[in-house]
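Peer 1: Coordinates in protein.cif, mmCIF, C-alpha atoms and all ligand atoms, are listed below.
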data_model
#
loop_
_atom_site.group_PDB
_atom_site.id
_atom_site.type_symbol
_atom_site.label_atom_id
_atom_site.label_comp_id
_atom_site.auth_asym_id
_atom_site.auth_seq_id
_atom_site.Cartn_x
_atom_site.Cartn_y
_atom_site.Cartn_z
ATOM 1 C CA MET H 878 151.666 99.241 76.351
ATOM 2 C CA LYS H 879 148.207 97.893 75.592
ATOM 3 C CA LEU H 880 146.792 98.506 72.118
ATOM 4 C CA THR H 881 143.909 100.515 73.592
ATOM 5 C CA ASP H 882 146.385 102.862 75.306
ATOM 6 C CA PHE H 883 148.454 103.151 72.129
ATOM 7 C CA ASP H 884 145.309 104.127 70.212
ATOM 8 C CA VAL H 885 144.510 106.925 72.686
ATOM 9 C CA TYR H 886 147.963 108.493 72.187
ATOM 10 C CA ARG H 887 147.947 107.881 68.448
ATOM 11 C CA GLN H 888 144.608 109.681 68.040
ATOM 12 C CA LEU H 889 145.604 112.528 70.359
ATOM 13 C CA LEU H 890 148.846 113.150 68.454
ATOM 14 C CA LEU H 891 147.102 112.926 65.096
ATOM 15 C CA ASP H 892 144.487 115.468 66.188
ATOM 16 C CA GLN H 893 146.881 117.820 67.934
ATOM 17 C CA SER H 894 149.963 117.835 65.709
ATOM 18 C CA GLY H 895 149.362 115.668 62.638
ATOM 19 C CA LEU H 896 151.935 113.130 63.834
ATOM 20 C CA ASP H 897 150.779 109.761 62.516
ATOM 21 C CA LEU H 898 152.353 107.076 64.709
ATOM 22 C CA THR H 899 152.519 103.506 63.535
ATOM 23 C CA GLN H 900 152.457 100.657 66.009
ATOM 24 C CA ASP H 901 156.138 99.889 65.533
ATOM 25 C CA LYS H 902 156.781 103.213 67.320
ATOM 26 C CA THR H 903 155.272 101.950 70.598
ATOM 27 C CA TYR H 904 158.706 101.797 72.218
ATOM 28 C CA LEU H 905 159.448 105.412 71.212
ATOM 29 C CA LEU H 906 156.065 106.489 72.555
ATOM 30 C CA GLU H 907 156.680 104.778 75.882
ATOM 31 C CA SER H 908 160.194 106.082 76.348
ATOM 32 C CA ARG H 909 159.216 109.672 75.560
ATOM 33 C CA LEU H 910 156.009 109.661 77.609
ATOM 34 C CA LYS H 911 157.380 108.155 80.813
ATOM 35 C CA PRO H 912 159.005 111.459 81.895
ATOM 36 C CA VAL H 913 155.715 113.273 81.140
ATOM 37 C CA ALA H 914 153.763 110.814 83.328
ATOM 38 C CA LYS H 915 156.317 111.311 86.098
ATOM 39 C CA LYS H 916 156.091 115.116 85.831
ATOM 40 C CA TRP H 917 152.294 114.985 86.127
ATOM 41 C CA GLY H 918 152.348 112.524 89.026
ATOM 42 C CA TYR H 919 151.001 109.433 87.226
ATOM 43 C CA PRO H 920 152.745 106.268 88.446
ATOM 44 C CA THR H 921 152.138 104.506 85.098
ATOM 45 C CA LEU H 922 151.346 105.399 81.498
ATOM 46 C CA GLU H 923 148.039 103.535 81.850
ATOM 47 C CA MET H 924 147.015 105.974 84.603
ATOM 48 C CA MET H 925 147.915 108.901 82.376
ATOM 49 C CA THR H 926 145.763 107.335 79.628
ATOM 50 C CA MET H 927 142.848 107.225 82.060
ATOM 51 C CA ALA H 928 143.304 110.931 82.763
ATOM 52 C CA LEU H 929 143.270 111.597 79.007
ATOM 53 C CA ASN H 930 140.000 109.714 78.679
ATOM 54 C CA GLY H 931 138.417 112.132 81.178
ATOM 55 C CA VAL H 932 138.811 115.915 80.882
ATOM 56 C CA PRO H 933 142.580 116.329 80.545
ATOM 57 C CA GLU H 934 144.478 119.468 81.440
ATOM 58 C CA PRO H 935 145.555 121.359 78.302
ATOM 59 C CA GLY H 936 149.064 121.503 79.814
ATOM 60 C CA LEU H 937 149.242 117.716 79.861
ATOM 61 C CA ILE H 938 148.222 117.456 76.213
ATOM 62 C CA ASN H 939 150.796 120.089 75.343
ATOM 63 C CA ASP H 940 153.535 118.192 77.201
ATOM 64 C CA ILE H 941 152.639 114.971 75.342
ATOM 65 C CA VAL H 942 152.795 116.742 71.969
ATOM 66 C CA GLU H 943 156.106 118.433 72.887
ATOM 67 C CA ALA H 944 157.580 115.133 74.052
ATOM 68 C CA MET H 945 156.766 113.478 70.739
ATOM 69 C CA THR H 946 158.243 116.148 68.464
ATOM 70 C CA THR H 947 161.563 115.285 66.847
ATOM 71 C CA ASN H 948 163.750 118.377 66.718
ATOM 72 C CA GLU H 949 166.714 116.965 64.795
ATOM 73 C CA THR H 950 168.291 119.739 62.692
ATOM 74 C CA SER H 951 171.630 121.299 61.808
ATOM 75 C CA PHE H 952 173.143 124.373 60.176
ATOM 76 C CA PHE H 953 172.962 124.337 56.347
ATOM 77 C CA ARG H 954 171.363 120.875 56.594
ATOM 78 C CA ASP H 955 171.711 118.845 53.366
ATOM 79 C CA GLY H 956 173.652 121.660 51.647
ATOM 80 C CA LYS H 957 171.860 121.521 48.306
ATOM 81 C CA PRO H 958 168.766 123.610 49.221
ATOM 82 C CA PHE H 959 171.040 126.410 50.437
ATOM 83 C CA GLU H 960 172.997 126.211 47.195
ATOM 84 C CA SER H 961 169.703 126.491 45.252
ATOM 85 C CA PHE H 962 168.734 129.375 47.533
ATOM 86 C CA GLU H 963 171.950 131.283 46.817
ATOM 87 C CA LYS H 964 172.449 130.428 43.150
ATOM 88 C CA HIS H 965 168.918 130.115 41.798
ATOM 89 C CA ILE H 966 166.265 131.620 44.049
ATOM 90 C CA LEU H 967 168.031 134.761 45.267
ATOM 91 C CA PRO H 968 169.325 135.983 41.897
ATOM 92 C CA TYR H 969 165.774 135.613 40.503
ATOM 93 C CA LEU H 970 164.164 137.426 43.432
ATOM 94 C CA ALA H 971 166.869 140.121 43.505
ATOM 95 C CA GLN H 972 165.872 140.948 39.949
ATOM 96 C CA THR H 973 162.091 140.639 40.191
ATOM 97 C CA ARG H 974 161.772 142.396 43.591
ATOM 98 C CA ALA H 975 164.347 145.090 42.763
ATOM 99 C CA LYS H 976 161.771 147.884 42.926
ATOM 100 C CA ALA H 977 160.116 146.902 46.223
ATOM 101 C CA LYS H 978 163.444 145.722 47.764
ATOM 102 C CA ASN H 979 161.469 143.406 49.988
ATOM 103 C CA LEU H 980 162.076 139.715 50.629
ATOM 104 C CA ARG H 981 159.923 137.506 52.840
ATOM 105 C CA ILE H 982 160.912 133.990 53.867
ATOM 106 C CA TRP H 983 158.928 131.530 55.970
ATOM 107 C CA CYS H 984 160.656 128.659 57.689
ATOM 108 C CA ALA H 985 157.692 126.493 58.649
ATOM 109 C CA ALA H 986 159.161 123.927 61.071
ATOM 110 C CA SER H 987 162.201 125.733 62.325
ATOM 111 C CA SER H 988 163.102 123.604 65.345
ATOM 112 C CA SER H 989 166.023 125.055 67.354
ATOM 113 C CA GLY H 990 166.730 127.732 64.739
ATOM 114 C CA GLN H 991 169.647 126.362 62.714
ATOM 115 C CA GLU H 992 167.620 126.465 59.467
ATOM 116 C CA PRO H 993 166.346 130.076 59.637
ATOM 117 C CA TYR H 994 169.705 131.257 60.988
ATOM 118 C CA SER H 995 171.511 129.509 58.116
ATOM 119 C CA LEU H 996 169.289 131.477 55.726
ATOM 120 C CA ALA H 997 169.951 134.700 57.650
ATOM 121 C CA ILE H 998 173.722 134.087 57.576
ATOM 122 C CA ALA H 999 173.600 133.308 53.843
ATOM 123 C CA LEU H 1000 171.664 136.534 53.254
ATOM 124 C CA LYS H 1001 174.071 138.558 55.369
ATOM 125 C CA GLU H 1002 176.961 137.184 53.313
ATOM 126 C CA LEU H 1003 175.127 138.153 50.104
ATOM 127 C CA GLN H 1004 174.054 141.570 51.361
ATOM 128 C CA PRO H 1005 176.182 143.479 48.817
ATOM 129 C CA GLN H 1006 173.763 142.073 46.202
ATOM 130 C CA LEU H 1007 170.767 143.335 48.177
ATOM 131 C CA PRO H 1008 171.666 146.852 49.380
ATOM 132 C CA ASN H 1009 168.972 148.485 51.560
ATOM 133 C CA TRP H 1010 166.589 145.562 51.194
ATOM 134 C CA LYS H 1011 164.007 144.774 53.845
ATOM 135 C CA ILE H 1012 164.445 141.098 54.659
ATOM 136 C CA GLN H 1013 161.977 139.266 56.877
ATOM 137 C CA ILE H 1014 162.458 135.690 58.016
ATOM 138 C CA LEU H 1015 159.546 134.195 59.925
ATOM 139 C CA ALA H 1016 160.419 130.973 61.733
ATOM 140 C CA THR H 1017 157.544 128.921 63.129
ATOM 141 C CA ASP H 1018 157.211 125.646 65.002
ATOM 142 C CA ILE H 1019 154.597 123.836 67.087
ATOM 143 C CA SER H 1020 156.903 123.640 70.111
ATOM 144 C CA GLU H 1021 157.059 126.674 72.430
ATOM 145 C CA GLU H 1022 160.030 125.150 74.201
ATOM 146 C CA ILE H 1023 162.125 124.751 71.046
ATOM 147 C CA LEU H 1024 161.160 128.248 69.847
ATOM 148 C CA GLN H 1025 162.414 129.783 73.086
ATOM 149 C CA GLN H 1026 165.668 127.908 72.713
ATOM 150 C CA ALA H 1027 165.920 129.018 69.071
ATOM 151 C CA ALA H 1028 165.357 132.693 69.879
ATOM 152 C CA GLU H 1029 168.304 132.618 72.309
ATOM 153 C CA GLY H 1030 170.657 131.610 69.498
ATOM 154 C CA ARG H 1031 172.980 129.672 71.833
ATOM 155 C CA TYR H 1032 174.502 126.463 70.567
ATOM 156 C CA THR H 1033 176.795 123.742 71.873
ATOM 157 C CA GLN H 1034 180.144 122.890 70.341
ATOM 158 C CA PHE H 1035 178.525 119.768 68.868
ATOM 159 C CA GLU H 1036 175.742 121.824 67.228
ATOM 160 C CA VAL H 1037 178.058 124.392 65.649
ATOM 161 C CA GLN H 1038 180.325 121.639 64.364
ATOM 162 C CA ARG H 1039 177.458 120.197 62.324
ATOM 163 C CA GLY H 1040 177.296 121.985 58.965
ATOM 164 C CA LEU H 1041 178.577 125.418 59.922
ATOM 165 C CA PRO H 1042 181.785 126.411 58.065
ATOM 166 C CA VAL H 1043 184.422 127.480 60.567
ATOM 167 C CA GLN H 1044 184.876 130.939 59.012
ATOM 168 C CA LEU H 1045 181.141 131.622 59.533
ATOM 169 C CA LEU H 1046 181.394 130.364 63.117
ATOM 170 C CA MET H 1047 184.255 132.782 63.782
ATOM 171 C CA LYS H 1048 182.483 135.647 62.041
ATOM 172 C CA TYR H 1049 179.003 135.380 63.582
ATOM 173 C CA PHE H 1050 179.376 133.556 66.934
ATOM 174 C CA LYS H 1051 181.148 134.347 70.211
ATOM 175 C CA GLN H 1052 182.157 131.732 72.721
ATOM 176 C CA ASP H 1053 180.305 132.221 76.010
ATOM 177 C CA ASP H 1054 181.069 129.645 78.737
ATOM 178 C CA ASP H 1055 180.472 126.259 77.109
ATOM 179 C CA LYS H 1056 178.148 127.621 74.378
ATOM 180 C CA TRP H 1057 178.455 129.641 71.184
ATOM 181 C CA GLN H 1058 176.303 132.792 71.111
ATOM 182 C CA LEU H 1059 174.994 133.909 67.711
ATOM 183 C CA ASP H 1060 175.494 137.591 66.922
ATOM 184 C CA GLU H 1061 172.534 139.940 67.389
ATOM 185 C CA SER H 1062 172.915 141.157 63.773
ATOM 186 C CA ILE H 1063 171.793 137.669 62.630
ATOM 187 C CA ARG H 1064 169.322 136.931 65.434
ATOM 188 C CA SER H 1065 167.453 140.159 64.750
ATOM 189 C CA MET H 1066 166.782 139.048 61.156
ATOM 190 C CA VAL H 1067 164.559 136.178 62.369
ATOM 191 C CA THR H 1068 161.183 136.385 64.108
ATOM 192 C CA PHE H 1069 160.043 133.246 65.954
ATOM 193 C CA TYR H 1070 156.347 132.496 66.312
ATOM 194 C CA ARG H 1071 154.334 129.455 67.419
ATOM 195 C CA LEU H 1072 152.334 127.938 64.596
ATOM 196 C CA ASN H 1073 150.823 124.483 64.285
ATOM 197 C CA LEU H 1074 150.847 123.506 60.618
ATOM 198 C CA ILE H 1075 147.600 121.578 60.943
ATOM 199 C CA GLU H 1076 145.758 124.567 62.376
ATOM 200 C CA ASP H 1077 144.411 127.717 60.798
ATOM 201 C CA MET H 1078 147.243 129.701 59.176
ATOM 202 C CA ARG H 1079 145.088 132.361 57.567
ATOM 203 C CA LYS H 1080 146.570 135.230 59.549
ATOM 204 C CA LEU H 1081 149.969 134.628 57.946
ATOM 205 C CA ASP H 1082 151.279 136.959 55.276
ATOM 206 C CA MET H 1083 152.508 136.139 51.774
ATOM 207 C CA PHE H 1084 156.062 134.862 51.294
ATOM 208 C CA ASP H 1085 158.533 134.679 48.438
ATOM 209 C CA ILE H 1086 160.095 131.499 49.789
ATOM 210 C CA VAL H 1087 158.645 128.794 52.028
ATOM 211 C CA PHE H 1088 161.044 126.326 53.641
ATOM 212 C CA CYS H 1089 159.209 123.340 55.104
ATOM 213 C CA ARG H 1090 161.706 120.549 55.588
ATOM 214 C CA ASN H 1091 161.677 117.292 57.484
ATOM 215 C CA VAL H 1092 158.285 117.630 59.114
ATOM 216 C CA LEU H 1093 155.934 116.294 56.408
ATOM 217 C CA ILE H 1094 157.542 112.867 56.870
ATOM 218 C CA TYR H 1095 155.683 112.567 60.188
ATOM 219 C CA PHE H 1096 152.277 113.217 58.616
ATOM 220 C CA ASN H 1097 149.928 110.925 56.684
ATOM 221 C CA GLU H 1098 149.131 111.632 53.024
ATOM 222 C CA GLU H 1099 145.964 113.567 53.711
ATOM 223 C CA THR H 1100 147.715 115.864 56.218
ATOM 224 C CA LYS H 1101 150.701 116.308 53.866
ATOM 225 C CA ARG H 1102 148.332 117.404 51.086
ATOM 226 C CA THR H 1103 146.442 119.837 53.329
ATOM 227 C CA VAL H 1104 149.639 121.339 54.742
ATOM 228 C CA ILE H 1105 151.342 121.781 51.345
ATOM 229 C CA GLU H 1106 148.215 123.283 49.800
ATOM 230 C CA ASN H 1107 147.593 125.592 52.788
ATOM 231 C CA MET H 1108 151.198 126.792 52.649
ATOM 232 C CA LEU H 1109 150.791 127.477 48.936
ATOM 233 C CA GLU H 1110 148.066 129.978 49.830
ATOM 234 C CA HIS H 1111 150.838 131.998 51.469
ATOM 235 C CA MET H 1112 153.368 131.741 48.661
ATOM 236 C CA GLU H 1113 153.606 134.383 45.944
ATOM 237 C CA PRO H 1114 152.620 133.069 42.483
ATOM 238 C CA ASP H 1115 156.259 133.144 41.380
ATOM 239 C CA GLY H 1116 157.568 132.042 44.783
ATOM 240 C CA PHE H 1117 159.505 128.913 45.766
ATOM 241 C CA MET H 1118 158.849 126.088 48.178
ATOM 242 C CA VAL H 1119 161.636 123.971 49.624
ATOM 243 C CA LEU H 1120 160.796 120.524 51.017
ATOM 244 C CA GLY H 1121 163.041 117.915 52.639
ATOM 245 C CA SER H 1122 164.967 115.605 50.319
ATOM 246 C CA SER H 1123 162.749 112.623 51.190
ATOM 247 C CA GLU H 1124 159.473 114.557 51.065
ATOM 248 C CA SER H 1125 158.353 114.197 47.473
ATOM 249 C CA PRO H 1126 154.811 115.438 46.801
ATOM 250 C CA LEU H 1127 154.427 112.786 44.085
ATOM 251 C CA GLY H 1128 151.000 111.180 44.400
ATOM 252 C CA ILE H 1129 150.037 113.657 47.118
ATOM 253 C CA THR H 1130 149.400 116.927 45.330
ATOM 254 C CA ASP H 1131 149.843 118.105 41.747
ATOM 255 C CA LYS H 1132 149.741 121.775 42.773
ATOM 256 C CA ILE H 1133 153.532 122.000 42.949
ATOM 257 C CA LYS H 1134 156.242 120.923 40.525
ATOM 258 C CA GLY H 1135 159.875 120.125 41.181
ATOM 259 C CA ILE H 1136 162.641 122.057 39.407
ATOM 260 C CA SER H 1137 165.147 119.905 37.509
ATOM 261 C CA ASP H 1138 168.580 119.650 39.099
ATOM 262 C CA HIS H 1139 167.386 121.392 42.258
ATOM 263 C CA ARG H 1140 166.367 118.586 44.597
ATOM 264 C CA GLY H 1141 163.707 119.654 47.059
ATOM 265 C CA LEU H 1142 162.873 122.899 45.213
ATOM 266 C CA TYR H 1143 159.265 123.388 44.030
ATOM 267 C CA VAL H 1144 157.158 126.006 42.276
ATOM 268 C CA ARG H 1145 153.429 126.386 41.685
ATOM 269 C CA ALA H 1146 152.159 124.072 38.956
ATOM 270 C CA ASP H 1147 149.977 126.950 37.673
ATOM 271 C CA GLY H 1148 152.602 129.654 38.209
ATOM 272 C CA PRO H 1149 155.035 131.435 35.883
ATOM 273 C CA HIS H 1150 157.869 128.950 36.541
ATOM 274 C CA ALA H 1151 155.765 125.885 35.734
ATOM 275 C CA ASP H 1152 157.211 125.442 32.232
ATOM 276 C CA ALA H 1153 160.753 125.405 33.563
ATOM 277 C CA ALA H 1154 159.767 122.775 36.093
ATOM 278 C CA LYS H 1155 159.370 119.091 35.487
ATOM 279 C CA ALA H 1156 156.534 116.942 36.789
ATOM 280 C CA THR H 1157 156.397 116.580 40.565
ATOM 281 C CA GLY H 1158 158.578 113.921 42.002
ATOM 282 C CA THR H 1159 162.072 115.248 42.587
HETATM 283 C C1 LIG X 1 162.988 117.290 62.364
HETATM 284 S S1 LIG X 1 162.640 118.942 62.754
HETATM 285 C C2 LIG X 1 163.031 119.747 61.235
HETATM 286 C C3 LIG X 1 163.771 121.043 61.462
HETATM 287 C C4 LIG X 1 164.256 121.739 60.196
HETATM 288 N N1 LIG X 1 163.165 122.108 59.333
HETATM 289 C C5 LIG X 1 165.246 120.871 59.446
HETATM 290 O O1 LIG X 1 164.915 120.330 58.401
HETATM 291 O O2 LIG X 1 166.377 120.734 59.922
HETATM 292 C C6 LIG X 1 160.843 118.910 62.727
HETATM 293 C C7 LIG X 1 160.212 120.095 63.462
HETATM 294 O O3 LIG X 1 158.825 120.115 63.129
HETATM 295 C C8 LIG X 1 158.099 120.556 64.256
HETATM 296 N N2 LIG X 1 156.694 120.138 64.110
HETATM 297 C C9 LIG X 1 156.162 118.903 64.263
HETATM 298 N N3 LIG X 1 154.841 118.923 64.042
HETATM 299 C C10 LIG X 1 154.524 120.206 63.727
HETATM 300 C C11 LIG X 1 153.315 120.868 63.400
HETATM 301 N N4 LIG X 1 152.133 120.223 63.357
HETATM 302 N N5 LIG X 1 153.364 122.193 63.143
HETATM 303 C C12 LIG X 1 154.538 122.873 63.193
HETATM 304 N N6 LIG X 1 155.712 122.298 63.505
HETATM 305 C C13 LIG X 1 155.712 120.984 63.763
HETATM 306 C C14 LIG X 1 158.828 119.912 65.432
HETATM 307 O O4 LIG X 1 158.576 120.586 66.643
HETATM 308 C C15 LIG X 1 160.285 119.996 64.973
HETATM 309 O O5 LIG X 1 160.918 121.128 65.508
#
Is it possible to express this structure as C-alpha cells?
Ligand SMILES: C[S@@+](CC[C@H](N)C(=O)[O-])C[C@H]1O[C@@H](n2cnc3c(N)ncnc32)[C@H](O)[C@@H]1O
Peer 2:
Amino acid sequence: MKLTDFDVYRQLLLDQSGLDLTQDKTYLLESRLKPVAKKWGYPTLEMMTMALNGVPEPGLINDIVEAMTTNETSFFRDGKPFESFEKHILPYLAQTRAKAKNLRIWCAASSSGQEPYSLAIALKELQPQLPNWKIQILATDISEEILQQAAEGRYTQFEVQRGLPVQLLMKYFKQDDDKWQLDESIRSMVTFYRLNLIEDMRKLDMFDIVFCRNVLIYFNEETKRTVIENMLEHMEPDGFMVLGSSESPLGITDKIKGISDHRGLYVRADGPHADAAKATGT
C-alpha cells in the first residue's frame, strides 16, 4: 500500500474512532480492508481510497471502522479487576448506597459481551448481599455488529472455556446446538447501546463504576486524556474506574489516582477516596 493511501485510512480511522494506526500496521490494515473493498465492489484498495477521497457512502466508512476494531475479550478477563470488584468496590457501594439500593455500572467498550456479563454473573452470585437492589449495567461499544452479537448472549465452546469457571457455565448457560446460550436472568441485567467514546457522551447518566478496559491502548495520548476525562464526568464523586492492566494514565491525566494493591482500579484525584489512593501509575 502506498503511503498516501495509508494516510487516508489512518486519518479516517483517527477521526471516526480514535484508532491511531502506526505505519508498521500497514499489513493489518490491508488484510482487514480487502474484504471491505470486495464487498463494495472495488477491485483494489487503491480504488477504494479514491472513493474515500470523493464523497464516500457512510456505510463504507462504517464498514472500514468495523473492520479495524479488535474485539478480543473473554469472561472474567485478567481476574484481578473482578476480584477488586467483588472484594473492594461492592462492599463499599453496598454500604454507601444502602438507602437508595441502586447500583449503576458502565462497561464502555464491551465487545461481544463477556465483560458486562461477567459483572452481571458476579452480581447475581452476590445477590444475597444486595437484596431488592436495582442494578443497571450499561454496555456500550462503537461496533453495531458486535453489540448485536453480545445481546444474543450465545458463545462457542472456545469462548466459554476462556475464563468462565465450569460451575458458572453449568449454572447460567444451556447448550443449544454448537453454542452455549446465556440465561435470560443474566442477559436482562445488561443493556447494550452504541456509543463512540470519541463522540459526545453528554446524554449518558451517572455511574458508580466505569469499566473501560483494553480500548485506550488503541488511542493516542490526547484521545486517551479526552476519553478518560469525559468518562469521569459520568462517574459519581466516590465512584470507581477500572482500566486495562496496560493502560496506565501516568503522564496522561492527573485527574485519577490508582489504588494500591488493586491494579487497574482508579478513583477521582479530587474525590473522597483520593487519600487512600497512591499517585497515578498503577
Ligand atoms: C479489545 S476489545 C476490549 C473488550 C473488553 N473491554 C475487554 O477488555 O475484554 C476493544 C473494544 O473497543 C471497541 N472500540 C474501539 N474503538 C472504540 C470507540 N471509539 N468507542 C467505543 N468502543 C470502541 C471495539 O469495538 C472493541 O469491541
Peer 1: Looking at only C-alpha atoms and all ligand atoms, which of H:Gln1004, H:Gln893, H:Thr973, H:Thr899 is the one that sits closest to ligand LIG 1 (chain X)?
Peer 2: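 Residue with the minimum atom-to-atom distance to ligand LIG 1 (chain X): H:Gln893.
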Peer 1: Would you work out the distance separating atom N5 of ligand LIG 1 (chain X) from CA of Arg1090 in chain H, expressed in Å to one decimal?
Peer 2: 11.4 Å
Peer 1: Can you check which parts of range 979-998 of chain H lie within 7 Å of range 1024-1032 of chain H? Per residue, the shortest pair of atoms and distance in Å to one decimal, counting all atoms listed in the file, sorted by chain and number, as JSON lines.
Peer 2:
{"residue": "H:Ser988", "atom": "CA", "partner": "H:Leu1024", "partner_atom": "CA", "distance": 6.8}
{"residue": "H:Ser989", "atom": "CA", "partner": "H:Ala1027", "partner_atom": "CA", "distance": 4.3}
{"residue": "H:Gly990", "atom": "CA", "partner": "H:Ala1027", "partner_atom": "CA", "distance": 4.6}
Peer 1: Which residues are near ligand LIG 1 (chain X) - at most 7 Å, using all atoms listed in the file? Format: as a ChimeraX atom specification.
Peer 2: /H:894-896,946-951,954,985-989,992,1017-1020,1023,1072-1075,1089-1092,1121
Peer 1: Name the closest residue to Ser1065 in chain H among the candidates H:Thr1100, H:Ser1137, H:Gln1044, H:Gln1013; distances are taken between atoms, counting all atoms listed in the file.
Peer 2: H:Gln1013
Peer 1: Take CA of Glu907 in chain H and CA of Glu1098 in chain H and report the distance between them in Å, one decimal.
Peer 2: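 Between CA of Glu907 in chain H and CA of Glu1098 in chain H the gap works out to 25.0 Å.
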Peer 1: Given the choices H:Asp1085, H:Lys1048, H:Phe952, H:Asp1054, which gets closest to Ile1014 in chain H if the distance is worked out from all atoms listed in the file?
Peer 2: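 Nearest candidate to Ile1014 in chain H out of H:Asp1085, H:Lys1048, H:Phe952, H:Asp1054: H:Asp1085.
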Peer 1: Suppose a student applies the PyMOL selection byres (((chain H and resi 930) around 12) and not hetatm) to this structure; what residues should they get, written as a ChimeraX atom specification?
Peer 2: /H:881-882,884-886,888-889,923-929,931-934,938
Peer 1: For CA of Ile1063 in chain H and CA of Tyr994 in chain H, determine how far apart the two atoms are, in Å to one decimal place.
Peer 2: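 We find that CA of Ile1063 in chain H and CA of Tyr994 in chain H lie 6.9 Å from each other.
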Peer 1: For range 1105-1117 of chain H, list every protein, DNA or RNA residue within 7 Å, evaluated using only C-alpha atoms, and leave out those in the same chain fewer than 2 positions away; present the list as a ChimeraX atom specification.
Peer 2: /H:1082-1087,1101-1103,1119,1142-1145,1148-1150
Peer 1: Could those selected residues go to a file with C-alpha atoms, as a short mmCIF file (atom, residue, chain, number, x, y, z; two decimals), in the coordinates of the input?
Peer 2:
data_model
loop_
_atom_site.label_atom_id
_atom_site.label_comp_id
_atom_site.auth_asym_id
_atom_site.auth_seq_id
_atom_site.Cartn_x
_atom_site.Cartn_y
_atom_site.Cartn_z
CA ASP H 1082 151.28 136.96 55.28
CA MET H 1083 152.51 136.14 51.77
CA PHE H 1084 156.06 134.86 51.29
CA ASP H 1085 158.53 134.68 48.44
CA ILE H 1086 160.10 131.50 49.79
CA VAL H 1087 158.65 128.79 52.03
CA LYS H 1101 150.70 116.31 53.87
CA ARG H 1102 148.33 117.40 51.09
CA THR H 1103 146.44 119.84 53.33
CA VAL H 1119 161.64 123.97 49.62
CA LEU H 1142 162.87 122.90 45.21
CA TYR H 1143 159.26 123.39 44.03
CA VAL H 1144 157.16 126.01 42.28
CA ARG H 1145 153.43 126.39 41.68
CA GLY H 1148 152.60 129.65 38.21
CA PRO H 1149 155.04 131.44 35.88
CA HIS H 1150 157.87 128.95 36.54
#
